[in-house]
Amino acid sequence: MTMKLLCAAFFILHSSFFISCANFFEQESDQIIYADKEHLNNATDSIYSVTGILNKLQALADRTVLLGEVRGDLTSITNEASSDLRDVALFQVDDDNQYNVPRDYYAVINNCNYFIAHADTALKNNRNEYIFMKEYAAVKAIRAWTYLQLVLNYGKVPFVTDPILTKQDAEKSYPTYDLQAICEYFTADLLPLAERYGREYPGYGTIRGNDARFLWFPINVVLGDLYLWQASVSGNTEQYRQAALRYYQYISERNGQNSTYPTGINLYTWTPGNTTWTGLTAFGSLSASESYMNNSELITMIPCDSTRAEGNYSELRNLFNSTEENNYKYSLTPSQRMEEISAAQWHCCVGTNATSVIYAPKNLSMHRSGDLRLWRSWSEGYTNDKATGERIETQLISKYSTRNVHVYRKMMVYLRMAEALNMAGYPRMAFQILSTGLNNDVIVNDVCPYYSQSDSTWLRRFDFPTSRYEIFTAEALVSMRTTNAMNTIGVHTRGSGYTPFNEYYQFPDSVEVDGQKQAVPLATQQEYVSQLLLTEEALEFAFEGTRYYDVMRFALRSNNPGQFMGDVISARAGSNNVAEDIRSKLQNQDNWYLKWNGKIGPNL
């Protein structure tokens, strides 16, 4: 079901630059499905309209991953990559590049604007419940997410919010918004909906075999992202606090009140007592299943078509994997930098007595040194050409075994909450998310004593009841014992062994200076935990399309954003002229963003 709706406009007094939006909208007669109606006031109109929005999102699915991954430091392009993909990696995208189509973002926004303007939100059923408010809230969250992606990729964007139904209106001039303005607008836009509709979504059952509960963008997660980006620009501590609270709000409400949404105990580690380094222990799977359960890792996905003929077929499987469709020649592969990050981790294997530890060696094959998440997601092999018998090297990135594109998942919420907590002044709380996991005992005993009374009172707002969030123990790991209650580990333990016992992964309380111990300043603790978090996001989210934006957030917080961005991103190319060119380009923040036709981009 497809809908093609038109643009919107909203004049903002503090915007100083205005631009025509005509280039972003195609004026065709079939674009306005409901233009003759004052309201969308029946279920059929509503479902068609919302499904049309979901359809338009499909055009953004691959791009959301590729613009976030190809420009990062964890993925390299191969000789099979298209020139357009290569230009994205080298930060030399022109107006004709297939991945530089801002009109597709505005197609989503157009549909959202029309629905928001025309949905009859005052209509009630015989139980005095508002009929279309769930759809209204869901559409507002989609619009906010889409605008955030747009501004992260283009730096400054034409800002439109009201439906335009004539060519003349589309050709008017509209204000341009930067990241700060986008975040300010949409936090204010979503906040009134968060309390009532932050956990309620349209009940559409399944859509083409996909559980519709995975198709929505949770308001509190989107709000958390908006606050986190806004704080990364402004440095405002209160905005970091609000980001952390919004992520926590989602966790606490995801499965209803008095429920849990823990990190889980899915992990890969070496078998206790192993000395040959061939035996691996797996608790569950690290993949994000598309079966909806209370403990599902997946939160939001963009569903894509199963065949190219249907029009919205994701190419990610063919770009990352060897398939018959691409003659087993993939375009994207893990970078040397990704291998270095993974291998640099100390994998802490617990002994059979559950007290001693042994660290896995650093020279293991098949990407098994250090963190095992890379080994789990990346496998290499070969096949032979059917005609010539020529040997062809093959690759499988297991994260791309489905036709759908995943956007949000549980570990993102936990790690971004940790980011926000760290920058809000609570690095110890952030560290516990990485090390042990959170419950109220951890917060009260291992976090609160190190902060003031007022800070401790605020931290207790993060309520993880110990009876429902039970920390996974070394004894349970050794005995391979699990219970329904034992459900929380530190995120680093998912791939690097039992982190609470890891002597190389400790919070910096004090340092030796002239033979005496001195407390580590808060700013130093924050910087240390920031490095852990940026590394953890690489280990956990490699190849998923978040890396470029994650690095950008950390760069914005640094003393020299251009240098930070250039140094991190160029590391994928090693030490050569390509790396130096990338480093030089990214020194200028304007080069972080795409530009298109003089109509959108950082120089507007």
# chains A, B, ... in the order shown; residues from 1 in each chain; ligands from 1
>>> residues_around(residues="region 561-577 of chain A", least_positions_apart="6", cutoff="12 Å", atoms="only C-alpha atoms", output="mmCIF file with C-alpha atoms, in the first residue's frame")
data_model
loop_
_atom_site.group_PDB
_atom_site.id
_atom_site.type_symbol
_atom_site.label_atom_id
_atom_site.label_comp_id
_atom_site.auth_asym_id
_atom_site.auth_seq_id
_atom_site.Cartn_x
_atom_site.Cartn_y
_atom_site.Cartn_z
ATOM 1 C CA GLY A 68 26.302 5.372 8.922
ATOM 2 C CA GLU A 69 28.659 2.491 8.219
ATOM 3 C CA VAL A 70 30.604 3.208 5.024
ATOM 4 C CA ARG A 71 31.726 6.594 6.386
ATOM 5 C CA GLY A 72 32.807 5.072 9.705
ATOM 6 C CA ASP A 73 36.034 3.354 10.699
ATOM 7 C CA LEU A 74 34.846 -0.249 11.026
ATOM 8 C CA THR A 75 34.118 -1.084 7.385
ATOM 9 C CA SER A 76 36.244 -1.003 4.245
ATOM 10 C CA ILE A 77 35.120 -1.034 0.629
ATOM 11 C CA ALA A 89 33.561 6.215 1.793
ATOM 12 C CA LEU A 90 35.949 8.886 0.486
ATOM 13 C CA PHE A 91 33.688 11.834 1.388
ATOM 14 C CA SER A 232 26.355 16.734 22.628
ATOM 15 C CA VAL A 233 26.132 20.093 20.835
ATOM 16 C CA THR A 333 34.172 -5.933 4.568
ATOM 17 C CA PRO A 334 35.355 -5.365 8.157
ATOM 18 C CA SER A 335 38.261 -2.940 8.260
ATOM 19 C CA GLN A 336 41.651 -3.666 9.730
ATOM 20 C CA ARG A 337 40.756 -1.115 12.391
ATOM 21 C CA MET A 338 37.725 -3.193 13.411
ATOM 22 C CA GLU A 339 39.951 -6.255 13.778
ATOM 23 C CA GLU A 340 42.380 -4.256 15.910
ATOM 24 C CA ILE A 341 39.641 -2.969 18.209
ATOM 25 C CA GLN A 531 36.645 5.661 25.555
ATOM 26 C CA LEU A 534 33.012 4.295 22.078
ATOM 27 C CA THR A 535 34.874 0.982 21.941
ATOM 28 C CA ALA A 538 32.134 -0.614 17.939
ATOM 29 C CA ARG A 547 29.250 3.965 13.766
ATOM 30 C CA TYR A 548 29.649 7.245 11.858
ATOM 31 C CA TYR A 549 26.999 8.906 13.993
ATOM 32 C CA ASP A 550 28.409 7.464 17.222
ATOM 33 C CA VAL A 551 31.840 8.898 16.401
ATOM 34 C CA MET A 552 30.224 12.211 15.439
ATOM 35 C CA ARG A 553 28.532 12.472 18.855
ATOM 36 C CA PHE A 554 31.788 11.860 20.686
ATOM 37 C CA ALA A 555 33.595 14.294 18.383
ATOM 38 C CA ARG A 583 41.737 13.114 7.990
ATOM 39 C CA SER A 584 42.275 16.436 6.230
ATOM 40 C CA LYS A 585 38.704 16.619 4.913
ATOM 41 C CA LEU A 586 37.129 15.894 8.281
ATOM 42 C CA GLN A 587 39.094 18.665 9.983
ATOM 43 C CA ASN A 588 36.437 20.910 8.424
ATOM 44 C CA GLN A 589 33.058 20.110 9.983
ATOM 45 C CA ASP A 590 31.247 21.093 6.787
ATOM 46 C CA ASN A 591 32.751 17.986 5.199
ATOM 47 C CA TRP A 592 31.049 15.764 7.750
#
>>> select_by_dssp(residues="region 306-405 of chain A", states="strand (DSSP E)", output="MDAnalysis selection string")
chainID A and resid 332:334 348:350 357:359 378:384 391:397 405
>>> write_last_selection(atoms="N, CA, C and O atoms", output="tab-separated table (two decimals), in the first residue's frame")
chain	number	residue	atom	x	y	z
A	332	LEU	N	31.53	-4.72	0.80
A	332	LEU	CA	31.93	-4.16	2.09
A	332	LEU	C	32.48	-5.26	2.98
A	332	LEU	O	31.94	-6.37	3.01
A	333	THR	N	33.53	-4.93	3.71
A	333	THR	CA	34.17	-5.93	4.57
A	333	THR	C	34.68	-5.25	5.84
A	333	THR	O	34.94	-4.04	5.82
A	334	PRO	N	34.81	-5.98	6.94
A	334	PRO	CA	35.36	-5.37	8.16
A	334	PRO	C	36.74	-4.78	7.91
A	334	PRO	O	37.58	-5.38	7.23
A	348	CYS	N	38.32	-12.40	29.40
A	348	CYS	CA	38.48	-12.93	30.76
A	348	CYS	C	37.67	-14.21	30.92
A	348	CYS	O	36.44	-14.18	31.03
A	349	CYS	N	38.35	-15.33	30.94
A	349	CYS	CA	37.70	-16.63	31.08
A	349	CYS	C	37.77	-17.07	32.54
A	349	CYS	O	38.84	-17.11	33.14
A	350	VAL	N	36.63	-17.41	33.11
A	350	VAL	CA	36.56	-17.81	34.52
A	350	VAL	C	36.93	-19.28	34.65
A	350	VAL	O	36.47	-20.13	33.88
A	357	VAL	N	40.86	-16.75	37.13
A	357	VAL	CA	40.63	-16.35	35.75
A	357	VAL	C	41.86	-16.67	34.92
A	357	VAL	O	42.98	-16.76	35.43
A	358	ILE	N	41.64	-16.84	33.64
A	358	ILE	CA	42.72	-16.97	32.68
A	358	ILE	C	42.32	-16.16	31.46
A	358	ILE	O	41.14	-16.13	31.08
A	359	TYR	N	43.26	-15.46	30.86
A	359	TYR	CA	42.95	-14.60	29.72
A	359	TYR	C	43.30	-15.31	28.42
A	359	TYR	O	44.38	-15.92	28.29
A	378	TRP	N	31.25	-12.48	11.70
A	378	TRP	CA	32.01	-12.44	10.45
A	378	TRP	C	32.68	-13.78	10.21
A	378	TRP	O	33.50	-14.24	11.00
A	379	SER	N	32.34	-14.42	9.12
A	379	SER	CA	32.99	-15.68	8.75
A	379	SER	C	33.44	-15.59	7.29
A	379	SER	O	32.79	-14.97	6.46
A	380	GLU	N	34.58	-16.23	7.02
A	380	GLU	CA	35.17	-16.21	5.69
A	380	GLU	C	35.32	-17.63	5.16
A	380	GLU	O	35.48	-18.58	5.93
A	381	GLY	N	35.27	-17.76	3.87
A	381	GLY	CA	35.44	-19.07	3.26
A	381	GLY	C	35.75	-18.90	1.79
A	381	GLY	O	36.28	-17.88	1.37
A	382	TYR	N	35.38	-19.88	1.00
A	382	TYR	CA	35.60	-19.76	-0.45
A	382	TYR	C	34.63	-20.68	-1.17
A	382	TYR	O	34.05	-21.61	-0.62
A	383	THR	N	34.45	-20.38	-2.45
A	383	THR	CA	33.69	-21.25	-3.34
A	383	THR	C	34.43	-21.27	-4.67
A	383	THR	O	35.43	-20.56	-4.84
A	384	ASN	N	33.96	-22.06	-5.58
A	384	ASN	CA	34.59	-22.14	-6.90
A	384	ASN	C	33.62	-21.68	-7.98
A	384	ASN	O	32.42	-22.04	-7.94
A	391	ARG	N	38.86	-20.17	-7.80
A	391	ARG	CA	38.56	-20.01	-6.38
A	391	ARG	C	38.10	-18.58	-6.11
A	391	ARG	O	38.73	-17.61	-6.54
A	392	ILE	N	36.98	-18.43	-5.40
A	392	ILE	CA	36.44	-17.12	-5.05
A	392	ILE	C	36.35	-17.03	-3.53
A	392	ILE	O	35.72	-17.87	-2.89
A	393	GLU	N	37.02	-16.05	-2.97
A	393	GLU	CA	36.94	-15.83	-1.53
A	393	GLU	C	35.54	-15.31	-1.17
A	393	GLU	O	35.00	-14.42	-1.84
A	394	THR	N	34.95	-15.87	-0.13
A	394	THR	CA	33.59	-15.50	0.26
A	394	THR	C	33.55	-14.96	1.68
A	394	THR	O	34.48	-15.15	2.47
A	395	GLN	N	32.46	-14.29	1.97
A	395	GLN	CA	32.29	-13.66	3.28
A	395	GLN	C	30.82	-13.72	3.69
A	395	GLN	O	29.93	-13.59	2.86
A	396	LEU	N	30.59	-13.90	4.97
A	396	LEU	CA	29.23	-13.83	5.53
A	396	LEU	C	29.25	-12.92	6.75
A	396	LEU	O	30.01	-13.14	7.69
A	397	ILE	N	28.45	-11.87	6.70
A	397	ILE	CA	28.18	-11.04	7.88
A	397	ILE	C	26.80	-11.45	8.37
A	397	ILE	O	25.78	-11.14	7.74
A	405	VAL	N	15.54	-4.30	7.61
A	405	VAL	CA	16.64	-3.48	8.12
A	405	VAL	C	16.33	-3.07	9.55
A	405	VAL	O	15.30	-2.44	9.82
>>> select_by_dssp(residues="region 134-373 of chain A", states="alpha helix (DSSP H)", output="number ranges by chain")
A: 134-154, 167-170, 179-197, 219-234, 237-253, 316-320, 336-343, 373
>>> residues_around(residues="Ile251 (chain A)", least_positions_apart="4", cutoff="8 Å", atoms="only C-alpha atoms", output="ChimeraX atom specification")
/A:247,260-262,413
>>> write_last_selection(atoms="N, CA and C atoms", output="short mmCIF file (atom, residue, chain, number, x, y, z; two decimals), in the first residue's frame")
data_model
loop_
_atom_site.label_atom_id
_atom_site.label_comp_id
_atom_site.auth_asym_id
_atom_site.auth_seq_id
_atom_site.Cartn_x
_atom_site.Cartn_y
_atom_site.Cartn_z
N TYR A 247 15.65 7.14 28.08
CA TYR A 247 16.02 5.75 27.77
C TYR A 247 15.55 4.82 28.88
N THR A 260 10.04 -6.26 33.44
CA THR A 260 11.49 -6.11 33.24
C THR A 260 11.79 -6.04 31.75
N TYR A 261 12.91 -5.40 31.43
CA TYR A 261 13.48 -5.45 30.09
C TYR A 261 15.00 -5.41 30.26
N PRO A 262 15.56 -6.50 30.81
CA PRO A 262 16.98 -6.52 31.18
C PRO A 262 17.88 -6.72 29.98
N VAL A 413 19.77 1.09 23.47
CA VAL A 413 19.13 1.88 24.52
C VAL A 413 20.01 1.87 25.77
#
>>> closest_residue(among="A:Gly545, A:Gly351, A:Pro175, A:Gly370", to="Arg63 (chain A)", atoms="only C-alpha atoms")
A:Gly545
>>> atom_distance(atom1="CA of Tyr268 (chain A)", atom2="CA of Trp346 (chain A)")
13.7 Å
>>> residues_around(residues="Ser252 (chain A)", least_positions_apart="3", cutoff="10 Å", atoms="only C-alpha atoms", output="PyMOL selection string")
chain A and resi 246-249+255-262+462-464
>>> write_last_selection(atoms="N, CA, C and O atoms", output="short mmCIF file (atom, residue, chain, number, x, y, z; two decimals), in the first residue's frame")
data_model
loop_
_atom_site.label_atom_id
_atom_site.label_comp_id
_atom_site.auth_asym_id
_atom_site.auth_seq_id
_atom_site.Cartn_x
_atom_site.Cartn_y
_atom_site.Cartn_z
N ARG A 246 14.92 9.35 29.66
CA ARG A 246 14.03 8.89 28.59
C ARG A 246 14.37 7.46 28.18
O ARG A 246 13.47 6.64 27.95
N TYR A 247 15.65 7.14 28.08
CA TYR A 247 16.02 5.75 27.77
C TYR A 247 15.55 4.82 28.88
O TYR A 247 15.02 3.73 28.62
N TYR A 248 15.75 5.25 30.12
CA TYR A 248 15.29 4.43 31.25
C TYR A 248 13.77 4.26 31.20
O TYR A 248 13.25 3.17 31.46
N GLN A 249 13.06 5.34 30.87
CA GLN A 249 11.60 5.27 30.80
C GLN A 249 11.17 4.18 29.82
O GLN A 249 10.24 3.42 30.09
N ASN A 255 7.60 -3.50 28.63
CA ASN A 255 6.73 -4.66 28.81
C ASN A 255 5.60 -4.40 29.80
O ASN A 255 5.05 -5.33 30.37
N GLY A 256 5.27 -3.14 30.03
CA GLY A 256 4.22 -2.79 30.98
C GLY A 256 4.79 -2.46 32.34
O GLY A 256 5.99 -2.60 32.60
N GLN A 257 3.95 -1.99 33.21
CA GLN A 257 4.39 -1.63 34.56
C GLN A 257 4.73 -2.89 35.35
O GLN A 257 4.19 -3.97 35.13
N ASN A 258 5.68 -2.71 36.29
CA ASN A 258 6.13 -3.81 37.16
C ASN A 258 6.66 -5.00 36.35
O ASN A 258 6.45 -6.16 36.70
N SER A 259 7.32 -4.67 35.23
CA SER A 259 7.89 -5.71 34.38
C SER A 259 9.39 -5.48 34.27
O SER A 259 9.96 -4.63 34.95
N THR A 260 10.04 -6.26 33.44
CA THR A 260 11.49 -6.11 33.24
C THR A 260 11.79 -6.04 31.75
O THR A 260 11.06 -6.55 30.92
N TYR A 261 12.91 -5.40 31.43
CA TYR A 261 13.48 -5.45 30.09
C TYR A 261 15.00 -5.41 30.26
O TYR A 261 15.66 -4.44 29.94
N PRO A 262 15.56 -6.50 30.81
CA PRO A 262 16.98 -6.52 31.18
C PRO A 262 17.88 -6.72 29.98
O PRO A 262 17.42 -7.05 28.88
N PHE A 462 16.38 5.67 38.80
CA PHE A 462 16.58 4.52 37.91
C PHE A 462 16.32 3.26 38.74
O PHE A 462 17.21 2.75 39.42
N ASP A 463 15.10 2.81 38.68
CA ASP A 463 14.63 1.73 39.55
C ASP A 463 14.71 0.39 38.81
O ASP A 463 13.90 0.11 37.92
N PHE A 464 15.72 -0.41 39.18
CA PHE A 464 15.88 -1.75 38.63
C PHE A 464 15.75 -2.74 39.78
O PHE A 464 16.77 -3.15 40.37
#
>>> closest_residue(among="A:Thr281, A:Thr499, A:Thr300, A:Ser558", to="Gln526 (chain A)", atoms="only C-alpha atoms")
A:Ser558
>>> residues_around(residues="Ile433 (chain A)", least_positions_apart="3", cutoff="10 Å", atoms="only C-alpha atoms", output="PyMOL selection string")
chain A and resi 263+414-415+417-418+428-430+436-439+442+488-492
>>> write_last_selection(atoms="C-alpha atoms", output="PDB file, in the first residue's frame")
ATOM      1  CA  THR A 263      20.133  -6.773  29.106  1.00  0.00           C
ATOM      2  CA  TYR A 414      21.361   0.633  27.347  1.00  0.00           C
ATOM      3  CA  LEU A 415      24.598   1.964  25.845  1.00  0.00           C
ATOM      4  CA  MET A 417      21.724   5.572  28.460  1.00  0.00           C
ATOM      5  CA  ALA A 418      25.261   4.894  29.684  1.00  0.00           C
ATOM      6  CA  ARG A 428      30.495   5.118  37.727  1.00  0.00           C
ATOM      7  CA  MET A 429      26.851   4.374  36.912  1.00  0.00           C
ATOM      8  CA  ALA A 430      27.704   4.201  33.212  1.00  0.00           C
ATOM      9  CA  THR A 436      28.046  -5.917  35.888  1.00  0.00           C
ATOM     10  CA  GLY A 437      24.698  -4.693  34.680  1.00  0.00           C
ATOM     11  CA  LEU A 438      22.260  -2.708  36.791  1.00  0.00           C
ATOM     12  CA  ASN A 439      19.938  -3.523  39.641  1.00  0.00           C
ATOM     13  CA  VAL A 442      24.396  -2.259  42.386  1.00  0.00           C
ATOM     14  CA  THR A 488      21.356  -9.230  33.553  1.00  0.00           C
ATOM     15  CA  ILE A 489      24.996  -8.949  32.520  1.00  0.00           C
ATOM     16  CA  GLY A 490      27.266  -6.045  31.759  1.00  0.00           C
ATOM     17  CA  VAL A 491      27.281  -5.334  28.038  1.00  0.00           C
ATOM     18  CA  HIS A 492      31.040  -5.965  27.724  1.00  0.00           C
TER      19      HIS A 492
END
>>> closest_residue(among="A:Asn125, A:Asn559, A:Gln98, A:Asn404", to="Leu298 (chain A)", atoms="only C-alpha atoms")
A:Asn404
>>> atom_distance(atom1="CA of Asn79 (chain A)", atom2="CA of Tyr99 (chain A)")
18.6 Å
>>> atom_distance(atom1="CA of Glu544 (chain A)", atom2="CA of Val151 (chain A)")
19.5 Å
>>> closest_residue(among="A:Ala137, A:Leu57, A:Ala122, A:Leu434", to="Leu215 (chain A)", atoms="only C-alpha atoms")
A:Leu57
>>> closest_residue(among="A:Ser510, A:Ser296, A:Ser456, A:Ser83", to="Thr524 (chain A)", atoms="only C-alpha atoms")
A:Ser510
>>> decode(residues="region 374-385 of chain A", atoms="N, CA, C and O atoms", output="short mmCIF file (atom, residue, chain, number, x, y, z; two decimals), in the first residue's frame")
data_model
loop_
_atom_site.label_atom_id
_atom_site.label_comp_id
_atom_site.auth_asym_id
_atom_site.auth_seq_id
_atom_site.Cartn_x
_atom_site.Cartn_y
_atom_site.Cartn_z
N LEU A 374 33.01 -10.19 17.05
CA LEU A 374 33.43 -10.12 15.66
C LEU A 374 33.49 -11.51 15.06
O LEU A 374 33.01 -11.73 13.93
N TRP A 375 34.05 -12.46 15.79
CA TRP A 375 34.08 -13.86 15.33
C TRP A 375 32.67 -14.37 15.06
O TRP A 375 32.43 -15.06 14.06
N ARG A 376 31.75 -13.99 15.92
CA ARG A 376 30.37 -14.48 15.78
C ARG A 376 29.69 -13.90 14.53
O ARG A 376 28.87 -14.57 13.90
N SER A 377 30.01 -12.69 14.16
CA SER A 377 29.27 -12.03 13.09
C SER A 377 29.96 -12.09 11.73
O SER A 377 29.35 -11.81 10.71
N TRP A 378 31.25 -12.48 11.70
CA TRP A 378 32.01 -12.44 10.45
C TRP A 378 32.68 -13.78 10.21
O TRP A 378 33.50 -14.24 11.00
N SER A 379 32.34 -14.42 9.12
CA SER A 379 32.99 -15.68 8.75
C SER A 379 33.44 -15.59 7.29
O SER A 379 32.79 -14.97 6.46
N GLU A 380 34.58 -16.23 7.02
CA GLU A 380 35.17 -16.21 5.69
C GLU A 380 35.32 -17.63 5.16
O GLU A 380 35.48 -18.58 5.93
N GLY A 381 35.27 -17.76 3.87
CA GLY A 381 35.44 -19.07 3.26
C GLY A 381 35.75 -18.90 1.79
O GLY A 381 36.28 -17.88 1.37
N TYR A 382 35.38 -19.88 1.00
CA TYR A 382 35.60 -19.76 -0.45
C TYR A 382 34.63 -20.68 -1.17
O TYR A 382 34.05 -21.61 -0.62
N THR A 383 34.45 -20.38 -2.45
CA THR A 383 33.69 -21.25 -3.34
C THR A 383 34.43 -21.27 -4.67
O THR A 383 35.43 -20.56 -4.84
N ASN A 384 33.96 -22.06 -5.58
CA ASN A 384 34.59 -22.14 -6.90
C ASN A 384 33.62 -21.68 -7.98
O ASN A 384 32.42 -22.04 -7.94
N ASP A 385 34.12 -20.91 -8.90
CA ASP A 385 33.31 -20.45 -10.02
C ASP A 385 32.80 -21.67 -10.80
O ASP A 385 33.57 -22.57 -11.15
#
